[in-house]
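Enquirer: Sharing model-v2.txt (compact mmCIF, C-alpha atoms and all ligand atoms) below.
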```
# COMPACT_ATOMS: atom_id res chain seq x y z
CA MET A 15 -22.70 29.85 15.08
CA LEU A 16 -20.00 27.23 15.72
CA LYS A 17 -19.16 26.52 19.34
CA ASP A 18 -15.70 27.61 20.48
CA GLU A 19 -14.63 24.06 21.30
CA ILE A 20 -15.51 22.95 17.77
CA ILE A 21 -13.61 25.85 16.25
CA GLU A 22 -10.64 24.90 18.44
CA LYS A 23 -10.69 21.36 17.01
CA TYR A 24 -10.87 22.62 13.43
CA LEU A 25 -7.93 24.94 14.16
CA MET A 26 -5.92 22.19 15.79
CA ALA A 27 -6.51 19.85 12.83
CA GLY A 28 -5.49 22.69 10.52
CA ARG A 29 -2.30 23.39 12.44
CA ILE A 30 -1.23 19.74 12.36
CA ALA A 31 -2.03 19.50 8.63
CA LYS A 32 0.03 22.60 7.89
CA GLN A 33 2.97 21.32 9.92
CA THR A 34 2.75 17.98 8.14
CA LEU A 35 3.12 19.69 4.76
CA ASN A 36 6.09 21.72 6.04
CA PHE A 37 7.72 18.54 7.31
CA ILE A 38 7.17 16.73 4.01
CA TYR A 39 8.35 19.73 1.99
CA ASN A 40 11.66 19.63 3.88
CA GLU A 41 11.93 15.88 3.43
CA ILE A 42 11.60 16.22 -0.33
CA SER A 43 13.67 19.33 -0.95
CA SER A 44 17.15 18.56 -2.28
CA LYS A 45 16.26 14.93 -3.05
CA LEU A 46 16.31 13.82 -6.67
CA TYR A 47 14.93 10.31 -6.18
CA ILE A 48 11.81 10.19 -4.07
CA ASP A 49 10.07 7.11 -2.75
CA VAL A 50 6.48 8.34 -2.70
CA LEU A 51 5.34 5.47 -0.47
CA GLU A 52 7.85 6.59 2.14
CA ILE A 53 6.57 10.17 1.80
CA ALA A 54 2.92 9.16 2.29
CA GLU A 55 3.76 7.03 5.33
CA LYS A 56 5.94 9.74 6.85
CA ALA A 57 3.10 12.23 6.47
CA GLU A 58 0.54 9.92 8.06
CA ASN A 59 2.88 8.99 10.93
CA TYR A 60 3.67 12.66 11.52
CA ILE A 61 -0.06 13.40 11.84
CA ILE A 62 -0.53 10.65 14.42
CA ARG A 63 2.65 11.61 16.34
CA ASN A 64 1.31 15.13 16.67
CA GLY A 65 -2.10 14.20 18.06
CA GLY A 66 -4.25 14.02 14.94
CA LYS A 67 -5.69 11.27 12.81
CA PRO A 68 -5.40 11.08 9.04
CA ALA A 69 -8.78 12.10 7.55
CA PHE A 70 -7.77 10.23 4.38
CA PRO A 71 -4.61 8.57 3.04
CA CYS A 72 -1.88 11.03 2.07
CA ASN A 73 -2.37 11.72 -1.65
CA VAL A 74 0.72 12.02 -3.80
CA GLY A 75 0.15 13.16 -7.37
CA PHE A 76 3.02 13.51 -9.79
CA ASN A 77 2.44 15.61 -12.94
CA ALA A 78 -0.71 14.42 -14.78
CA ILE A 79 -2.02 12.53 -11.75
CA ALA A 80 -4.28 15.19 -10.32
CA ALA A 81 -5.91 13.52 -7.32
CA HIS A 82 -7.12 10.35 -5.57
CA TYR A 83 -3.83 8.50 -5.56
CA THR A 84 -1.92 7.11 -2.63
CA PRO A 85 0.98 4.71 -3.20
CA ILE A 86 0.57 1.15 -1.93
CA THR A 87 4.02 -0.25 -2.60
CA LYS A 88 7.52 1.20 -2.90
CA GLU A 89 7.55 3.60 -5.81
CA VAL A 90 10.55 5.77 -6.61
CA ILE A 91 10.24 8.74 -8.94
CA GLU A 92 13.03 10.79 -10.46
CA PHE A 93 12.03 14.35 -9.69
CA ARG A 94 14.17 16.47 -11.99
CA GLU A 95 11.32 18.67 -13.14
CA GLY A 96 7.55 18.77 -12.96
CA LEU A 97 4.82 19.15 -10.36
CA LEU A 98 4.57 16.97 -7.27
CA LYS A 99 1.38 17.41 -5.24
CA ILE A 100 1.05 16.43 -1.59
CA ASP A 101 -2.48 16.49 -0.19
CA VAL A 102 -3.10 15.68 3.47
CA GLY A 103 -6.18 15.40 5.68
CA VAL A 104 -6.22 15.56 9.46
CA HIS A 105 -9.12 15.22 11.86
CA ILE A 106 -9.64 15.80 15.54
CA ASP A 107 -12.83 14.03 16.67
CA GLY A 108 -14.09 14.18 13.09
CA TYR A 109 -13.35 17.90 12.59
CA ILE A 110 -11.35 17.91 9.39
CA ALA A 111 -8.56 19.95 7.80
CA ASP A 112 -7.80 19.28 4.13
CA THR A 113 -4.77 20.99 2.59
CA ALA A 114 -2.37 20.55 -0.30
CA ILE A 115 0.79 22.00 -1.81
CA THR A 116 2.56 21.54 -5.09
CA ILE A 117 6.33 21.25 -5.15
CA ALA A 118 7.64 22.51 -8.48
CA ARG A 119 10.95 21.92 -10.25
CA GLY A 120 11.84 23.62 -13.52
CA ARG A 121 11.10 27.19 -14.59
CA GLU A 122 7.66 26.79 -16.19
CA TYR A 123 6.58 24.57 -13.32
CA HIS A 124 7.59 27.13 -10.72
CA GLU A 125 5.57 29.70 -12.60
CA ILE A 126 2.33 27.72 -12.77
CA SER A 127 2.51 26.75 -9.09
CA ARG A 128 3.27 30.32 -8.03
CA ILE A 129 0.20 31.53 -9.92
CA ASN A 130 -1.92 28.71 -8.49
CA LYS A 131 -0.99 29.67 -4.93
CA THR A 132 -1.70 33.36 -5.51
CA ILE A 133 -5.12 32.63 -6.98
CA LEU A 134 -6.04 30.45 -4.00
CA ASP A 135 -5.03 33.20 -1.57
CA ASP A 136 -6.93 35.80 -3.59
CA VAL A 137 -10.17 33.82 -3.76
CA ILE A 138 -10.01 33.12 -0.02
CA SER A 139 -9.78 36.86 0.64
CA MET A 140 -13.04 37.32 -1.34
CA ILE A 141 -15.08 34.92 0.82
CA SER A 142 -17.87 36.28 2.98
CA PRO A 143 -21.33 35.11 4.04
CA GLY A 144 -23.88 35.77 1.31
CA LYS A 145 -21.48 35.43 -1.64
CA LYS A 146 -22.44 33.08 -4.45
CA LEU A 147 -20.11 30.11 -4.87
CA GLY A 148 -20.35 30.40 -8.66
CA GLU A 149 -19.15 33.98 -8.51
CA LEU A 150 -15.94 32.86 -6.84
CA GLY A 151 -15.54 30.02 -9.32
CA SER A 152 -15.91 32.57 -12.06
CA PHE A 153 -13.10 34.66 -10.53
CA ILE A 154 -10.78 31.61 -10.45
CA GLU A 155 -11.55 30.61 -14.03
CA ALA A 156 -11.12 34.13 -15.40
CA ARG A 157 -7.80 34.73 -13.63
CA VAL A 158 -6.37 31.39 -14.71
CA SER A 159 -7.29 31.82 -18.35
CA LYS A 160 -6.15 35.44 -18.46
CA LEU A 161 -2.71 34.25 -17.38
CA GLY A 162 -2.65 31.65 -20.17
CA TYR A 163 -3.43 28.51 -18.17
CA LYS A 164 -6.43 26.17 -17.83
CA VAL A 165 -8.54 25.28 -14.84
CA ILE A 166 -9.39 21.60 -14.33
CA ARG A 167 -13.12 22.08 -14.82
CA ASN A 168 -14.36 18.86 -13.29
CA LEU A 169 -12.53 19.15 -9.98
CA SER A 170 -13.75 21.43 -7.24
CA GLY A 171 -13.48 22.37 -3.61
CA HIS A 172 -16.12 21.17 -1.18
CA LEU A 173 -18.12 21.83 1.95
CA ILE A 174 -16.81 19.92 4.99
CA ASP A 175 -18.79 18.68 7.96
CA ARG A 176 -17.97 16.47 10.91
CA TYR A 177 -16.64 13.11 9.63
CA ASN A 178 -17.78 14.24 6.20
CA LEU A 179 -15.20 15.32 3.66
CA HIS A 180 -17.70 16.15 0.92
CA ALA A 181 -20.75 17.50 2.69
CA GLY A 182 -22.87 18.38 -0.35
CA LYS A 183 -21.98 21.78 -1.73
CA ASN A 184 -19.14 22.19 -4.22
CA PHE A 185 -16.80 25.15 -4.30
CA PRO A 186 -16.38 25.37 -8.08
CA ASN A 187 -13.25 26.47 -9.91
CA VAL A 188 -15.30 27.67 -12.88
CA ARG A 189 -18.26 29.93 -13.50
CA GLU A 190 -21.62 28.54 -12.45
CA PHE A 191 -24.87 30.32 -13.11
CA PHE A 192 -27.09 28.58 -10.59
CA SER A 193 -24.97 28.18 -7.52
CA GLN A 194 -25.59 28.20 -3.81
CA THR A 195 -24.69 30.85 -1.28
CA ILE A 196 -21.90 30.80 1.30
CA LYS A 197 -23.15 30.84 4.89
CA GLU A 198 -21.55 31.85 8.15
CA GLY A 199 -20.25 28.86 10.13
CA GLU A 200 -19.64 26.71 7.06
CA ILE A 201 -16.32 24.96 6.50
CA TYR A 202 -14.91 24.77 2.97
CA ALA A 203 -11.90 23.16 1.40
CA ILE A 204 -10.92 25.36 -1.53
CA GLU A 205 -8.65 23.85 -4.16
CA PRO A 206 -8.09 25.28 -7.62
CA PHE A 207 -6.35 22.76 -9.88
CA ILE A 208 -4.68 24.27 -12.92
CA THR A 209 -2.80 22.99 -15.92
CA PHE A 210 -0.99 24.29 -19.00
CA SER A 211 -2.81 25.57 -22.09
CA TYR A 212 -1.92 22.34 -23.95
CA GLY A 213 -3.86 20.32 -21.38
CA SER A 214 -7.53 19.47 -21.78
CA GLY A 215 -8.61 21.07 -18.51
CA GLU A 216 -10.35 17.86 -17.46
CA VAL A 217 -9.55 14.71 -15.54
CA TYR A 218 -10.79 11.18 -16.11
CA GLY A 219 -10.94 8.24 -13.72
CA GLY A 220 -8.17 5.73 -14.40
CA ARG A 221 -8.17 2.02 -13.67
CA ILE A 222 -6.15 2.13 -10.49
CA VAL A 223 -8.00 2.42 -7.17
CA THR A 224 -5.96 2.80 -3.97
CA ILE A 225 -8.48 4.70 -1.85
CA TYR A 226 -11.88 3.49 -0.59
CA SER A 227 -14.57 4.45 1.87
CA LEU A 228 -17.53 2.72 3.45
CA SER A 229 -20.71 3.72 1.65
CA LYS A 230 -23.42 1.27 2.76
CA ILE A 231 -23.83 -0.56 6.02
CA LYS A 232 -25.87 -3.56 5.02
CA LYS A 233 -25.71 -7.06 6.46
CA LEU A 234 -23.73 -9.27 4.13
CA LYS A 235 -24.61 -12.72 5.50
CA ASP A 236 -20.95 -13.64 5.27
CA LYS A 237 -19.13 -13.92 8.59
CA ARG A 238 -15.71 -12.99 7.29
CA LEU A 239 -16.91 -9.99 5.26
CA ASP A 240 -19.18 -8.72 8.05
CA LYS A 241 -16.28 -8.83 10.48
CA PHE A 242 -14.03 -7.03 8.01
CA LYS A 243 -16.65 -4.36 7.33
CA LYS A 244 -17.06 -3.81 11.07
CA GLU A 245 -13.32 -3.30 11.43
CA ILE A 246 -13.41 -0.63 8.71
CA LEU A 247 -16.37 1.09 10.37
CA ASN A 248 -14.64 1.09 13.76
CA ARG A 249 -11.32 2.34 12.50
CA PHE A 250 -12.27 4.84 9.79
CA GLY A 251 -16.02 5.42 10.01
CA PRO A 252 -17.17 6.94 6.72
CA LEU A 253 -13.74 8.51 6.00
CA PRO A 254 -11.52 7.30 3.15
CA PHE A 255 -8.84 4.67 3.82
CA THR A 256 -6.32 2.63 1.88
CA PRO A 257 -5.66 -1.15 1.92
CA ARG A 258 -2.12 -0.19 2.96
CA TRP A 259 -3.53 0.69 6.40
CA LEU A 260 -4.94 -2.81 6.76
CA ASN A 261 -1.69 -4.64 6.12
CA ASN A 262 -2.01 -5.34 2.45
CA LYS A 263 -2.29 -9.13 2.67
CA GLU A 264 -4.03 -11.33 0.16
CA ASP A 265 -7.23 -11.86 2.19
CA VAL A 266 -7.55 -8.11 2.82
CA VAL A 267 -7.28 -7.39 -0.89
CA ASP A 268 -9.86 -10.08 -1.59
CA SER A 269 -12.30 -8.75 1.05
CA ILE A 270 -11.95 -5.22 -0.29
CA ASN A 271 -12.67 -6.37 -3.83
CA GLN A 272 -15.75 -8.29 -2.66
CA LEU A 273 -17.13 -5.32 -0.72
CA TYR A 274 -16.36 -3.02 -3.64
CA LYS A 275 -18.31 -5.26 -6.04
CA ARG A 276 -21.27 -5.40 -3.66
CA GLY A 277 -21.38 -1.61 -3.36
CA VAL A 278 -20.52 -1.63 0.34
CA LEU A 279 -17.26 0.14 -0.39
CA ARG A 280 -16.90 3.10 -2.65
CA GLY A 281 -13.67 3.30 -4.63
CA TYR A 282 -11.96 6.49 -5.77
CA PRO A 283 -10.26 5.86 -9.12
CA VAL A 284 -7.08 7.84 -9.69
CA LEU A 285 -7.87 11.10 -11.52
CA ILE A 286 -5.63 11.87 -14.47
CA GLU A 287 -5.43 14.90 -16.76
CA SER A 288 -7.06 13.80 -20.03
CA LYS A 289 -4.21 14.96 -22.26
CA GLY A 290 -1.50 14.00 -19.81
CA ALA A 291 -0.60 17.58 -18.95
CA PRO A 292 0.99 18.25 -15.54
CA VAL A 293 -1.44 19.62 -12.94
CA SER A 294 -0.83 22.03 -10.07
CA GLN A 295 -2.96 22.23 -6.91
CA PHE A 296 -3.04 24.27 -3.73
CA GLU A 297 -5.67 23.78 -1.06
CA HIS A 298 -6.71 25.36 2.22
CA THR A 299 -9.55 24.72 4.64
CA VAL A 300 -11.45 27.76 5.89
CA ILE A 301 -14.15 28.56 8.41
CA VAL A 302 -16.61 31.19 7.14
CA THR A 303 -17.04 33.90 9.77
CA GLU A 304 -18.91 37.17 9.76
CA GLU A 305 -15.67 38.97 8.86
CA GLY A 306 -14.64 36.55 6.12
CA ALA A 307 -12.65 33.35 5.83
CA LEU A 308 -10.56 32.09 8.73
CA VAL A 309 -7.92 29.79 7.23
CA THR A 310 -7.33 26.81 9.51
CA THR A 311 -4.41 25.46 7.48
CA ALA A 312 -2.39 28.68 7.12
MN MN A 401 -7.21 17.67 -0.35
MN MN A 402 -10.24 18.61 -0.75
```
Let me see whether you can do it: turn the structure in this file into structure tokens.

Expert:
Amino acid sequence: MLKDEIIEKYLMAGRIAKQTLNFIYNEISSKLYIDVLEIAEKAENYIIRNGGKPAFPCNVGFNAIAAHYTPITKEVIEFREGLLKIDVGVHIDGYIADTAITIARGREYHEISRINKTILDDVISMISPGKKLGELGSFIEARVSKLGYKVIRNLSGHLIDRYNLHAGKNFPNVREFFSQTIKEGEIYAIEPFITFSYGSGEVYGGRIVTIYSLSKIKKLKDKRLDKFKKEILNRFGPLPFTPRWLNNKEDVVDSINQLYKRGVLRGYPVLIESKGAPVSQFEHTVIVTEEGALVTTA
């Protein structure tokens, strides 16, 4: 199905992504005060140093911040207990690896993240061509609730394609009756998000937006904005980026806001657990083969 050279690129992206998480894990361990901006930049620089490109800005989500957040300015957290999620994306010529870990401190936090990781590994071992996606979502949901936790129902994994992080199909974390079938040669990012029983099991979009992507390529009839849009297209294509990568000066912020208002840029509001409960996440990218899932980020 997939050509060997394409598989090689997916595997290389996966290897770099995995090493990036190991590197960041070591950076964080034993530190009590963590500058999350420094962490995100170290992750992105590590990716570039090792021959990859960031497929999206490094996401750092502390406790109830589940996804879609990258720091823009210096931001120090005191990490005595709780759940700190690091989510990185790497691409080689557009072939993407998307992977995340949760670093836990405190007994109940270790427990939820341990369970989260096990469930991810278990669902990956169930993947094969012909399986229904909803069946696997059902497995995740049932296991999580049996153990006394809640799945974040409105977050899911996703099909990946070249230069396309969300290529249509969702890999649900809950039961779905009418779902599509897994096919050989497909690439999926699988990412169960789970929270405590006192959480709502849902996220909402907050007011902060630190991640954007190009969504429409229309002529703007504005020299400055057209030039800016071209720069985004050349540097990131359709993949997500952050103003931080464009030296966060006043005119950049203004251009981004203008393009956002005109629908040329899509924004990704920070996703927060609705009751403020801490959220855990683990994610791997897999290639579906005849024999099952080949994990690129293991
Ligand atoms: Mn991810
Ligand atoms: Mn993902």

Enquirer: Please identify the residues whose atoms come within 7 Å of ligand MN 401 (chain A), using all atoms listed in the file, and report them as a list in words.

Expert: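 Listing the residues within 7 Å of ligand MN 401 (chain A) gives Asp101, Val102, Gly103, Asp112, Thr113, Ala114 and Glu297 of chain A.
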
Enquirer: Find the spatial neighbours of segment 192-205 of chain A, counting only C-alpha atoms, within a cut-off of 6 Å - ignore same-chain residues fewer than 4 positions away - and output them as a list in words.

Expert: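 The neighbour list is Met15, Leu16, Pro143, Gly144, Lys145, Lys146, Leu147, Gly148, Gly171, His172, Leu173, Ile174, Phe296, Glu297, His298, Thr299, Val300, Ile301, Val302 and Thr303 of chain A.
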
Enquirer: By how many Å are atom CA of His82 of chain A and atom CA of Ser142 of chain A apart?

Expert: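 Atom CA of Ser142 of chain A lies 29.3 Å from atom CA of His82 of chain A.
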
Enquirer: Give the answer as one residue: which of A:Arg119, A:Lys230, A:Arg63, A:His105 has the shortest atom-to-atom distance to Ala31 of chain A, using only C-alpha atoms?

Expert: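 Among A:Arg119, A:Lys230, A:Arg63, A:His105, it is A:His105 that comes nearest to Ala31 of chain A.
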
Enquirer: Using all atoms listed in the file for the distances, tell me which of A:Phe250, A:Phe185, A:Tyr39, A:Tyr24 is nearest to ligand MN 402 (chain A).

Expert: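 Ranking A:Phe250, A:Phe185, A:Tyr39, A:Tyr24 by distance to ligand MN 402 (chain A), first place goes to A:Phe185.
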